[in-house]
$ cat work.cif   # mmCIF, C-alpha atoms and all ligand atoms
data_my_file
loop_
_atom_site.label_atom_id
_atom_site.label_comp_id
_atom_site.auth_asym_id
_atom_site.auth_seq_id
_atom_site.Cartn_x
_atom_site.Cartn_y
_atom_site.Cartn_z
CA MET A 1 66.08 164.17 146.91
CA ALA A 2 63.23 165.31 149.09
CA VAL A 3 63.49 168.61 150.89
CA PHE A 4 60.26 170.35 150.00
CA THR A 5 60.55 172.89 152.82
CA PRO A 6 64.03 174.17 153.75
CA VAL A 7 64.53 174.57 157.50
CA PRO A 8 66.78 177.42 158.76
CA LEU A 9 69.44 176.24 161.21
CA ALA A 10 68.19 178.67 163.88
CA ASP A 11 64.68 177.15 163.80
CA ALA A 12 66.04 173.61 164.08
CA SER A 13 68.27 174.71 166.98
CA ALA A 14 65.33 176.25 168.82
CA LEU A 15 63.31 173.04 168.45
CA VAL A 16 66.24 170.92 169.66
CA ALA A 17 66.50 173.14 172.74
CA ARG A 18 62.75 172.90 173.42
CA LEU A 19 62.93 169.10 173.24
CA ASP A 20 65.97 169.10 175.53
CA LEU A 21 68.05 167.07 173.06
CA GLY A 22 71.35 168.92 173.65
CA THR A 23 73.12 171.24 171.20
CA LEU A 24 72.59 170.96 167.45
CA THR A 25 75.81 170.07 165.65
CA GLU A 26 74.56 169.08 162.18
CA LEU A 27 71.45 169.36 160.04
CA ARG A 28 71.54 167.50 156.71
CA GLY A 29 68.75 167.19 154.09
CA ILE A 30 67.95 163.52 153.36
CA THR A 31 68.29 162.62 149.72
CA SER A 32 65.61 159.94 149.46
CA GLY A 33 61.89 159.73 150.20
CA ILE A 34 59.05 161.30 148.28
CA GLU A 35 56.41 162.33 150.80
CA ASN A 36 57.91 164.55 153.44
CA THR A 37 60.80 166.87 154.16
CA ASN A 38 63.39 164.89 156.13
CA TYR A 39 66.67 165.91 157.74
CA PHE A 40 69.23 163.96 159.72
CA LEU A 41 69.69 166.00 162.87
CA THR A 42 72.69 165.46 165.11
CA THR A 43 73.24 166.91 168.56
CA ASP A 44 75.95 166.36 171.14
CA ARG A 45 73.59 163.76 172.69
CA GLY A 46 72.46 161.68 169.76
CA ASP A 47 71.19 161.19 166.21
CA TYR A 48 67.62 162.00 165.20
CA VAL A 49 65.43 162.48 162.15
CA LEU A 50 63.53 165.74 161.72
CA THR A 51 60.42 165.44 159.54
CA LEU A 52 58.18 168.22 158.25
CA PHE A 53 54.96 166.70 156.98
CA GLU A 54 53.98 167.99 153.57
CA ARG A 55 50.56 166.39 153.15
CA LEU A 56 49.52 165.02 156.52
CA THR A 57 47.69 167.43 158.82
CA PHE A 58 47.83 168.31 162.51
CA GLU A 59 44.60 166.32 162.90
CA GLN A 60 45.91 163.16 161.18
CA LEU A 61 49.40 163.02 162.69
CA PRO A 62 48.68 162.08 166.33
CA PHE A 63 47.52 158.65 165.08
CA TYR A 64 50.94 157.89 163.55
CA LEU A 65 53.14 159.42 166.21
CA HIS A 66 51.30 157.88 169.14
CA LEU A 67 51.25 154.53 167.30
CA MET A 68 55.06 154.67 167.06
CA LYS A 69 55.23 155.47 170.77
CA HIS A 70 52.79 152.65 171.59
CA LEU A 71 54.83 150.12 169.59
CA ALA A 72 58.16 151.35 170.98
CA GLN A 73 56.79 150.94 174.51
CA ARG A 74 55.90 147.31 173.66
CA GLY A 75 59.40 146.48 172.46
CA ILE A 76 58.86 146.79 168.70
CA PRO A 77 61.97 148.48 167.25
CA VAL A 78 60.51 151.71 165.82
CA PRO A 79 61.66 155.34 166.18
CA ASP A 80 60.30 156.92 169.36
CA PRO A 81 58.94 160.49 168.84
CA LYS A 82 60.52 163.11 171.10
CA GLY A 83 58.28 165.19 173.34
CA ASP A 84 58.64 168.65 174.88
CA ALA A 85 58.39 169.36 178.60
CA GLY A 86 54.60 169.00 178.39
CA GLY A 87 54.87 165.62 176.59
CA GLU A 88 53.70 167.02 173.23
CA ILE A 89 55.20 164.96 170.37
CA LEU A 90 53.70 166.91 167.45
CA HIS A 91 55.55 170.19 166.80
CA ARG A 92 55.46 172.99 164.22
CA LEU A 93 58.22 174.38 161.94
CA GLN A 94 57.72 176.72 158.98
CA GLY A 95 53.99 176.39 159.65
CA LYS A 96 54.15 172.62 158.96
CA PRO A 97 53.48 169.77 161.38
CA THR A 98 56.85 168.45 162.53
CA ALA A 99 58.30 165.50 164.46
CA VAL A 100 61.72 164.55 165.77
CA VAL A 101 62.30 160.81 166.17
CA ASP A 102 65.23 158.53 166.98
CA ARG A 103 67.51 157.71 164.07
CA LEU A 104 67.63 153.92 163.70
CA ARG A 105 71.00 152.23 163.38
CA GLY A 106 72.02 150.36 160.25
CA SER A 107 71.04 150.60 156.62
CA HIS A 108 68.55 149.23 154.13
CA GLN A 109 68.87 145.73 152.77
CA LEU A 110 68.01 146.30 149.12
CA ALA A 111 68.85 142.74 148.03
CA PRO A 112 67.18 140.71 150.77
CA SER A 113 67.78 137.01 151.33
CA ALA A 114 65.26 134.53 152.75
CA ARG A 115 66.87 135.18 156.16
CA HIS A 116 66.08 138.92 155.93
CA CYS A 117 62.52 138.19 154.79
CA GLU A 118 62.03 135.82 157.69
CA GLN A 119 62.96 138.54 160.18
CA VAL A 120 60.67 141.10 158.58
CA GLY A 121 57.80 138.59 158.54
CA ALA A 122 58.26 137.70 162.21
CA MET A 123 58.56 141.35 163.29
CA LEU A 124 55.53 142.34 161.21
CA ALA A 125 53.42 139.75 163.04
CA ARG A 126 54.73 140.96 166.40
CA MET A 127 53.93 144.51 165.39
CA HIS A 128 50.36 143.56 164.43
CA LEU A 129 49.87 141.83 167.77
CA ALA A 130 51.40 144.76 169.69
CA GLY A 131 48.99 147.14 167.94
CA ARG A 132 45.86 145.29 169.04
CA ASP A 133 45.32 147.48 172.11
CA TYR A 134 46.20 150.75 170.38
CA PRO A 135 43.22 152.94 171.25
CA ARG A 136 43.27 155.49 168.39
CA HIS A 137 41.54 154.83 165.09
CA GLN A 138 42.28 156.21 161.65
CA PRO A 139 41.53 154.38 158.39
CA ASN A 140 44.24 153.68 155.85
CA LEU A 141 44.14 157.04 154.03
CA ARG A 142 45.66 155.37 150.95
CA GLY A 143 42.93 152.70 150.95
CA LEU A 144 40.03 151.89 148.66
CA ALA A 145 38.31 155.30 148.94
CA TRP A 146 41.53 157.06 147.87
CA TRP A 147 42.05 154.62 144.99
CA ALA A 148 38.54 155.32 143.70
CA GLU A 149 39.13 159.07 143.98
CA THR A 150 42.57 158.99 142.33
CA VAL A 151 42.05 156.54 139.45
CA PRO A 152 39.97 159.06 137.40
CA VAL A 153 42.70 161.67 137.96
CA VAL A 154 45.48 159.50 136.47
CA LEU A 155 43.46 157.75 133.72
CA PRO A 156 43.99 160.52 131.11
CA TYR A 157 47.77 159.89 131.22
CA LEU A 158 47.48 156.18 130.38
CA GLU A 159 47.37 153.98 127.28
CA PRO A 160 44.04 152.17 126.61
CA ALA A 161 45.31 148.79 127.88
CA GLN A 162 46.57 150.38 131.10
CA ARG A 163 43.27 152.21 131.59
CA GLU A 164 41.35 149.00 131.16
CA LEU A 165 43.53 147.18 133.68
CA LEU A 166 43.34 149.99 136.24
CA GLU A 167 39.57 150.29 136.00
CA SER A 168 38.87 146.56 136.03
CA GLU A 169 41.17 145.97 139.01
CA LEU A 170 39.57 148.82 140.94
CA ALA A 171 36.13 147.30 140.26
CA PHE A 172 37.40 143.88 141.42
CA GLN A 173 38.76 145.35 144.66
CA GLN A 174 35.52 147.27 145.30
CA ALA A 175 33.53 144.04 144.93
CA LEU A 176 35.99 142.20 147.18
CA ALA A 177 35.74 144.88 149.87
CA ALA A 178 31.95 144.36 149.95
CA ALA A 179 32.23 140.57 150.44
CA PRO A 180 31.58 139.00 153.90
CA ALA A 181 34.88 137.06 153.83
CA PHE A 182 36.74 140.36 153.48
CA ALA A 183 34.81 141.93 156.36
CA ALA A 184 35.82 138.97 158.54
CA LEU A 185 39.57 139.43 157.97
CA PRO A 186 41.49 140.30 161.14
CA ARG A 187 42.57 143.93 161.22
CA GLY A 188 44.23 146.62 163.29
CA PRO A 189 46.90 149.28 162.86
CA VAL A 190 49.09 148.41 159.85
CA HIS A 191 52.25 150.02 158.49
CA ALA A 192 50.95 149.81 154.90
CA ASP A 193 54.27 150.84 153.28
CA LEU A 194 56.84 148.45 154.74
CA PHE A 195 59.14 148.34 151.72
CA ARG A 196 62.83 147.48 151.75
CA ASP A 197 63.66 151.16 152.23
CA ASN A 198 61.56 151.42 155.39
CA VAL A 199 63.40 148.72 157.34
CA MET A 200 66.91 148.86 158.80
CA PHE A 201 69.39 146.03 159.24
CA GLU A 202 72.76 145.97 160.91
CA GLY A 203 74.57 143.13 159.19
CA GLU A 204 72.04 140.30 159.12
CA THR A 205 70.02 141.62 162.04
CA LEU A 206 66.86 143.70 161.77
CA THR A 207 67.19 146.93 163.77
CA GLY A 208 63.84 148.54 163.06
CA PHE A 209 60.82 149.59 161.03
CA PHE A 210 60.25 153.27 160.30
CA ASP A 211 58.21 155.70 158.16
CA PHE A 212 54.79 155.00 159.67
CA TYR A 213 53.17 157.91 157.87
CA PHE A 214 51.00 155.76 155.64
CA ALA A 215 49.85 153.62 158.58
CA GLY A 216 46.17 153.17 159.32
CA VAL A 217 43.65 150.62 160.45
CA ASP A 218 43.27 148.03 157.73
CA THR A 219 43.45 144.26 157.28
CA TRP A 220 46.65 142.63 158.48
CA LEU A 221 46.60 140.72 155.20
CA PHE A 222 46.96 143.97 153.25
CA ASP A 223 50.14 144.74 155.21
CA ILE A 224 51.47 141.23 154.54
CA SER A 225 50.68 141.58 150.83
CA VAL A 226 52.44 144.94 150.52
CA CYS A 227 55.54 143.32 152.04
CA LEU A 228 55.43 140.22 149.83
CA ASN A 229 55.17 142.43 146.73
CA ASP A 230 58.33 144.25 147.69
CA TRP A 231 60.51 141.95 149.82
CA CYS A 232 59.87 138.74 147.91
CA VAL A 233 59.96 139.76 144.25
CA ASP A 234 62.43 139.78 141.47
CA LEU A 235 62.64 143.53 140.85
CA ASP A 236 63.18 143.19 137.09
CA THR A 237 60.18 141.00 136.33
CA GLY A 238 57.89 141.51 139.34
CA ARG A 239 57.76 137.73 139.73
CA LEU A 240 57.36 136.39 143.25
CA ASP A 241 60.43 134.64 144.64
CA GLU A 242 58.76 131.65 146.24
CA GLN A 243 61.63 130.81 148.56
CA ARG A 244 61.62 134.30 150.08
CA ALA A 245 57.80 134.42 150.16
CA VAL A 246 57.61 131.12 152.06
CA ALA A 247 60.34 132.29 154.46
CA PHE A 248 58.46 135.55 155.08
CA LEU A 249 55.01 134.00 155.58
CA SER A 250 56.12 130.99 157.61
CA ALA A 251 57.94 133.31 160.02
CA TYR A 252 54.85 135.53 160.25
CA ASP A 253 52.63 132.48 160.72
CA ARG A 254 54.76 131.23 163.62
CA GLU A 255 54.14 134.50 165.51
CA ARG A 256 50.47 134.89 164.54
CA GLU A 257 48.69 132.06 162.82
CA ILE A 258 47.34 133.03 159.40
CA THR A 259 43.61 132.21 159.22
CA HIS A 260 41.91 130.12 156.58
CA ASP A 261 40.18 133.21 155.10
CA GLU A 262 43.50 135.05 154.98
CA SER A 263 45.14 132.20 153.05
CA ARG A 264 42.20 132.13 150.65
CA LEU A 265 42.21 135.90 150.02
CA LEU A 266 45.98 136.32 149.82
CA PRO A 267 46.13 136.31 145.97
CA ALA A 268 43.41 139.01 145.82
CA LEU A 269 45.12 141.14 148.46
CA MET A 270 48.45 140.86 146.68
CA ARG A 271 46.67 142.38 143.69
CA ALA A 272 45.33 145.11 146.01
CA GLY A 273 48.86 145.84 147.25
CA ALA A 274 50.11 146.18 143.68
CA LEU A 275 47.17 148.37 142.68
CA ARG A 276 47.67 150.72 145.63
CA PHE A 277 51.27 151.51 144.68
CA TRP A 278 50.61 151.61 140.95
CA ILE A 279 48.02 154.33 141.60
CA SER A 280 50.18 156.36 144.00
CA ARG A 281 53.20 156.16 141.72
CA LEU A 282 51.11 157.25 138.74
CA TRP A 283 49.79 160.13 140.79
CA ASP A 284 53.26 161.22 141.92
CA PHE A 285 54.70 160.77 138.44
CA HIS A 286 52.05 162.63 136.44
CA LEU A 287 51.06 165.24 139.00
CA PRO A 288 54.39 166.04 140.69
CA ARG A 289 54.82 168.60 143.44
CA GLU A 290 57.54 171.23 143.67
CA ALA A 291 60.62 169.84 145.40
CA HIS A 292 64.06 171.15 145.96
CA MET A 293 65.31 167.58 145.72
CA LEU A 294 63.15 164.79 144.35
CA GLN A 295 63.35 161.23 143.03
CA ALA A 296 60.20 159.89 141.37
CA HIS A 297 59.38 156.17 141.63
CA ASP A 298 58.66 154.18 138.48
CA PRO A 299 54.90 153.43 138.16
CA THR A 300 55.38 150.68 135.55
CA HIS A 301 57.04 148.51 138.21
CA PHE A 302 53.70 148.04 139.97
CA GLU A 303 51.80 147.68 136.73
CA ARG A 304 54.14 144.74 136.01
CA ILE A 305 53.59 143.30 139.48
CA LEU A 306 49.81 143.57 139.13
CA ARG A 307 49.88 141.81 135.74
CA GLU A 308 52.14 139.14 137.21
CA ARG A 309 49.80 138.56 140.21
CA LEU A 310 46.85 138.24 137.84
CA ALA A 311 48.68 135.78 135.59
CA ASN A 312 50.25 133.72 138.40
CA PRO A 313 48.24 133.90 141.64
CA TRP A 314 50.28 132.56 144.54
CA HIS A 315 48.86 130.43 147.37
CA TYR A 316 50.52 129.94 150.72
CA VAL A 317 50.56 126.37 151.96
CA ARG A 318 51.67 125.84 155.56
CA ALA A 319 54.53 123.35 155.74
N1 LIG B 401 64.04 157.06 161.94
C1 LIG B 401 64.93 156.92 160.98
N2 LIG B 401 66.11 156.35 161.24
C2 LIG B 401 67.06 156.23 160.29
N3 LIG B 401 66.92 156.71 159.04
C3 LIG B 401 65.76 157.29 158.72
C4 LIG B 401 64.70 157.43 159.66
N4 LIG B 401 63.68 158.07 159.06
C5 LIG B 401 64.07 158.32 157.80
N5 LIG B 401 65.32 157.85 157.59
C6 LIG B 401 66.10 157.95 156.35
O1 LIG B 401 65.48 158.90 155.51
C7 LIG B 401 65.10 158.34 154.26
C8 LIG B 401 63.80 158.96 153.79
O2 LIG B 401 62.78 158.75 154.73
P1 LIG B 401 61.32 158.35 154.29
O3 LIG B 401 60.54 158.20 155.53
O4 LIG B 401 61.36 157.18 153.36
O5 LIG B 401 60.86 159.64 153.49
P2 LIG B 401 59.43 160.04 152.94
O6 LIG B 401 58.51 160.04 154.11
O7 LIG B 401 59.60 161.38 152.34
O8 LIG B 401 59.05 159.02 151.90
C9 LIG B 401 65.03 156.86 154.55
O9 LIG B 401 65.22 156.09 153.42
C10 LIG B 401 66.13 156.66 155.58
O10 LIG B 401 67.37 156.55 154.95
N1 LIG B 402 56.99 152.92 149.13
C1 LIG B 402 56.29 153.72 148.17
C2 LIG B 402 56.53 155.16 148.25
C3 LIG B 402 56.41 155.78 149.60
O1 LIG B 402 57.58 156.46 149.83
P1 LIG B 402 58.46 156.23 151.13
O2 LIG B 402 59.79 156.77 150.74
O3 LIG B 402 57.74 157.03 152.17
O4 LIG B 402 58.48 154.77 151.45
C4 LIG B 402 56.64 153.29 146.74
O5 LIG B 402 57.66 152.61 146.59
O6 LIG B 402 55.92 153.66 145.82
#
$ encode --input "work.cif" --output "structure tokens"
Amino acid sequence: MAVFTPVPLADASALVARLDLGTLTELRGITSGIENTNYFLTTDRGDYVLTLFERLTFEQLPFYLHLMKHLAQRGIPVPDPKGDAGGEILHRLQGKPTAVVDRLRGSHQLAPSARHCEQVGAMLARMHLAGRDYPRHQPNLRGLAWWAETVPVVLPYLEPAQRELLESELAFQQALAAAPAFAALPRGPVHADLFRDNVMFEGETLTGFFDFYFAGVDTWLFDISVCLNDWCVDLDTGRLDEQRAVAFLSAYDREREITHDESRLLPALMRAGALRFWISRLWDFHLPREAHMLQAHDPTHFERILRERLANPWHYVRA
């Protein structure tokens, strides 16, 4: 359960009043998530999510919050950050950067079908296209530079075979990033963490994407790969479920045509997506922070996925 910073009711009430959201009736710590302090916040006017950012700074946050606003204004179903009378959407509580956003309806689909994957794929493509004219720029802060910085920190906790895999994959991704074909990949603002638990469905219908706090400018293919590694795998083995993967990518492709270079580099980027989350999970697991409520994610899941992608690279063929 993740409440790193407890928020007194009086402070939450004062913020609700400043944002003109009515009268606070309930404030409840959210029991999942590993990055930030999150509360469900209810007023007599509606349901919201209050987030205190534990790692992201006042300088980094405008990129994420204004991106959510930009996408919401273009009809992408994402939580819209609430502003004060002066239009400021980044607030402060307990000395931490804070946001209040709409609470999306529905719940997570943790056992997605091809139909769910199709909707996520189509909406992801629409989101990429809607982000093209977003004027702010911030790199993916959990990208290659962070991997290179973090791998040496987690290496001492690993077995020799794991160390070898982590180091060789990092070297492969560094070489890939320097290649002209990689530089030519289309890019823009990406979500970069669009897992099953960051999407809401009501019944069979997608109601929104949330948790944009790992977003950044990166290749669209990286975003696609992160999704395929989560939405279209068998969770026990890490194996790709081809039916779901085809449903996801075909739906994406119908909204924004996947380029030849993207098809060619997909297997390499799926490895990158696995590496990224193996590293962050190792980091969270071996170097945990204090938390009043916390659930650690299993790093070996992404080690398995990486090994699986290396053993069985998957190629998308348009029908
Ligand atoms: N805008 C939202 N609408 C509905 N539920 C949300 C929203 N934001 C967060 N949640 C709920 O809070 C949980 C934790 O949020 P998350 O962003 O994953 O945390 P963290 O940033 O700490 O990883 C989510 O799984 C979801 O249930
Ligand atoms: N999706 C990541 C962890 C990031 O946490 P989130 O709760 O903000 O999505 C993972 O599964 O490792």
$ residues_near_ligand --input "work.cif" --ligand "ligand LIG 401 (chain B)" --cutoff "10 Å" --atoms "only C-alpha atoms and all ligand atoms" --output "ChimeraX atom specification"
/A:1-4,29-40,47-54,78-81,100-108,193-200,207-214,294
$ closest_residue --input "work.cif" --among "A:Trp146, A:Gln173, A:Arg55, A:Arg136" --to "ligand LIG 402 (chain B)" --atoms "only C-alpha atoms and all ligand atoms"
A:Arg55
$ residues_around --input "work.cif" --residues "A:Ala125" --least-positions-apart "2" --cutoff "12 Å" --atoms "all atoms listed in the file" --output "count of residues only"
34
$ atom_distance --input "work.cif" --atom1 "atom CA of A:Gln94" --atom2 "atom CA of A:Asp284"
23.5 Å
$ atom_distance --input "work.cif" --atom1 "atom P1 of ligand LIG 402 (chain B)" --atom2 "atom CA of A:Thr57"
17.3 Å
$ atom_distance --input "work.cif" --atom1 "atom CA of A:Leu21" --atom2 "atom CA of A:Glu59"
25.6 Å
$ closest_residue --input "work.cif" --among "A:Glu202, A:Ala245, A:Glu88, A:Leu71" --to "A:Arg18" --atoms "all atoms listed in the file"
A:Glu88
$ residues_around --input "work.cif" --residues "A:Ser280" --least-positions-apart "4" --cutoff "12 Å" --atoms "only C-alpha atoms" --output "number ranges by chain"
A: 34-35, 141-143, 146-151, 153-154, 193, 214, 273-276, 284-288, 296-303
$ residues_near_point --input "work.cif" --point "(50.4, 142.1, 140.1)" --cutoff "8 Å" --atoms "all atoms listed in the file" --output "NGL selection string"
:A and (238 or 270-271 or 274-275 or 302-311)
$ write_last_selection --input "work.cif" --atoms "C-alpha atoms" --output "CSV table (one decimal), keeping the file's coordinate frame"
chain,number,residue,atom,x,y,z
A,238,GLY,CA,57.9,141.5,139.3
A,270,MET,CA,48.4,140.9,146.7
A,271,ARG,CA,46.7,142.4,143.7
A,274,ALA,CA,50.1,146.2,143.7
A,275,LEU,CA,47.2,148.4,142.7
A,302,PHE,CA,53.7,148.0,140.0
A,303,GLU,CA,51.8,147.7,136.7
A,304,ARG,CA,54.1,144.7,136.0
A,305,ILE,CA,53.6,143.3,139.5
A,306,LEU,CA,49.8,143.6,139.1
A,307,ARG,CA,49.9,141.8,135.7
A,308,GLU,CA,52.1,139.1,137.2
A,309,ARG,CA,49.8,138.6,140.2
A,310,LEU,CA,46.8,138.2,137.8
A,311,ALA,CA,48.7,135.8,135.6
$ closest_residue --input "work.cif" --among "A:Arg244, A:Pro156, A:Gly216, A:Ala181" --to "A:Ala268" --atoms "all atoms listed in the file"
A:Ala181
$ closest_residue --input "work.cif" --among "A:Phe63, A:Phe277, A:Trp283, A:Tyr316" --to "ligand LIG 402 (chain B)" --atoms "all atoms listed in the file"
A:Phe277
$ closest_residue --input "work.cif" --among "A:Thr205, A:Asn229, A:Thr237, A:Thr259" --to "ligand LIG 402 (chain B)" --atoms "only C-alpha atoms and all ligand atoms"
A:Asn229
$ closest_residue --input "work.cif" --among "A:Asp230, A:Arg115, A:Pro152, A:Leu65" --to "ligand LIG 402 (chain B)" --atoms "only C-alpha atoms and all ligand atoms"
A:Asp230
$ residues_around --input "work.cif" --residues "A:Cys232" --least-positions-apart "4" --cutoff "9 Å" --atoms "all atoms listed in the file" --output "ChimeraX atom specification"
/A:112-114,117,227-228,239-246,248
$ residues_near_point --input "work.cif" --point "(64.3, 173.1, 172.1)" --cutoff "12 Å" --atoms "all atoms listed in the file" --output "PDB file with C-alpha atoms, keeping the file's coordinate frame"
ATOM      1  CA  ALA A  10      68.190 178.670 163.880  1.00  0.00           C
ATOM      2  CA  ASP A  11      64.680 177.150 163.800  1.00  0.00           C
ATOM      3  CA  ALA A  12      66.040 173.610 164.080  1.00  0.00           C
ATOM      4  CA  SER A  13      68.270 174.710 166.980  1.00  0.00           C
ATOM      5  CA  ALA A  14      65.330 176.250 168.820  1.00  0.00           C
ATOM      6  CA  LEU A  15      63.310 173.040 168.450  1.00  0.00           C
ATOM      7  CA  VAL A  16      66.240 170.920 169.660  1.00  0.00           C
ATOM      8  CA  ALA A  17      66.500 173.140 172.740  1.00  0.00           C
ATOM      9  CA  ARG A  18      62.750 172.900 173.420  1.00  0.00           C
ATOM     10  CA  LEU A  19      62.930 169.100 173.240  1.00  0.00           C
ATOM     11  CA  ASP A  20      65.970 169.100 175.530  1.00  0.00           C
ATOM     12  CA  LEU A  21      68.050 167.070 173.060  1.00  0.00           C
ATOM     13  CA  GLY A  22      71.350 168.920 173.650  1.00  0.00           C
ATOM     14  CA  THR A  23      73.120 171.240 171.200  1.00  0.00           C
ATOM     15  CA  LEU A  24      72.590 170.960 167.450  1.00  0.00           C
ATOM     16  CA  THR A  43      73.240 166.910 168.560  1.00  0.00           C
ATOM     17  CA  LYS A  82      60.520 163.110 171.100  1.00  0.00           C
ATOM     18  CA  GLY A  83      58.280 165.190 173.340  1.00  0.00           C
ATOM     19  CA  ASP A  84      58.640 168.650 174.880  1.00  0.00           C
ATOM     20  CA  ALA A  85      58.390 169.360 178.600  1.00  0.00           C
ATOM     21  CA  HIS A  91      55.550 170.190 166.800  1.00  0.00           C
ATOM     22  CA  ARG A  92      55.460 172.990 164.220  1.00  0.00           C
ATOM     23  CA  LEU A  93      58.220 174.380 161.940  1.00  0.00           C
ATOM     24  CA  VAL A 100      61.720 164.550 165.770  1.00  0.00           C
TER      25      VAL A 100
END
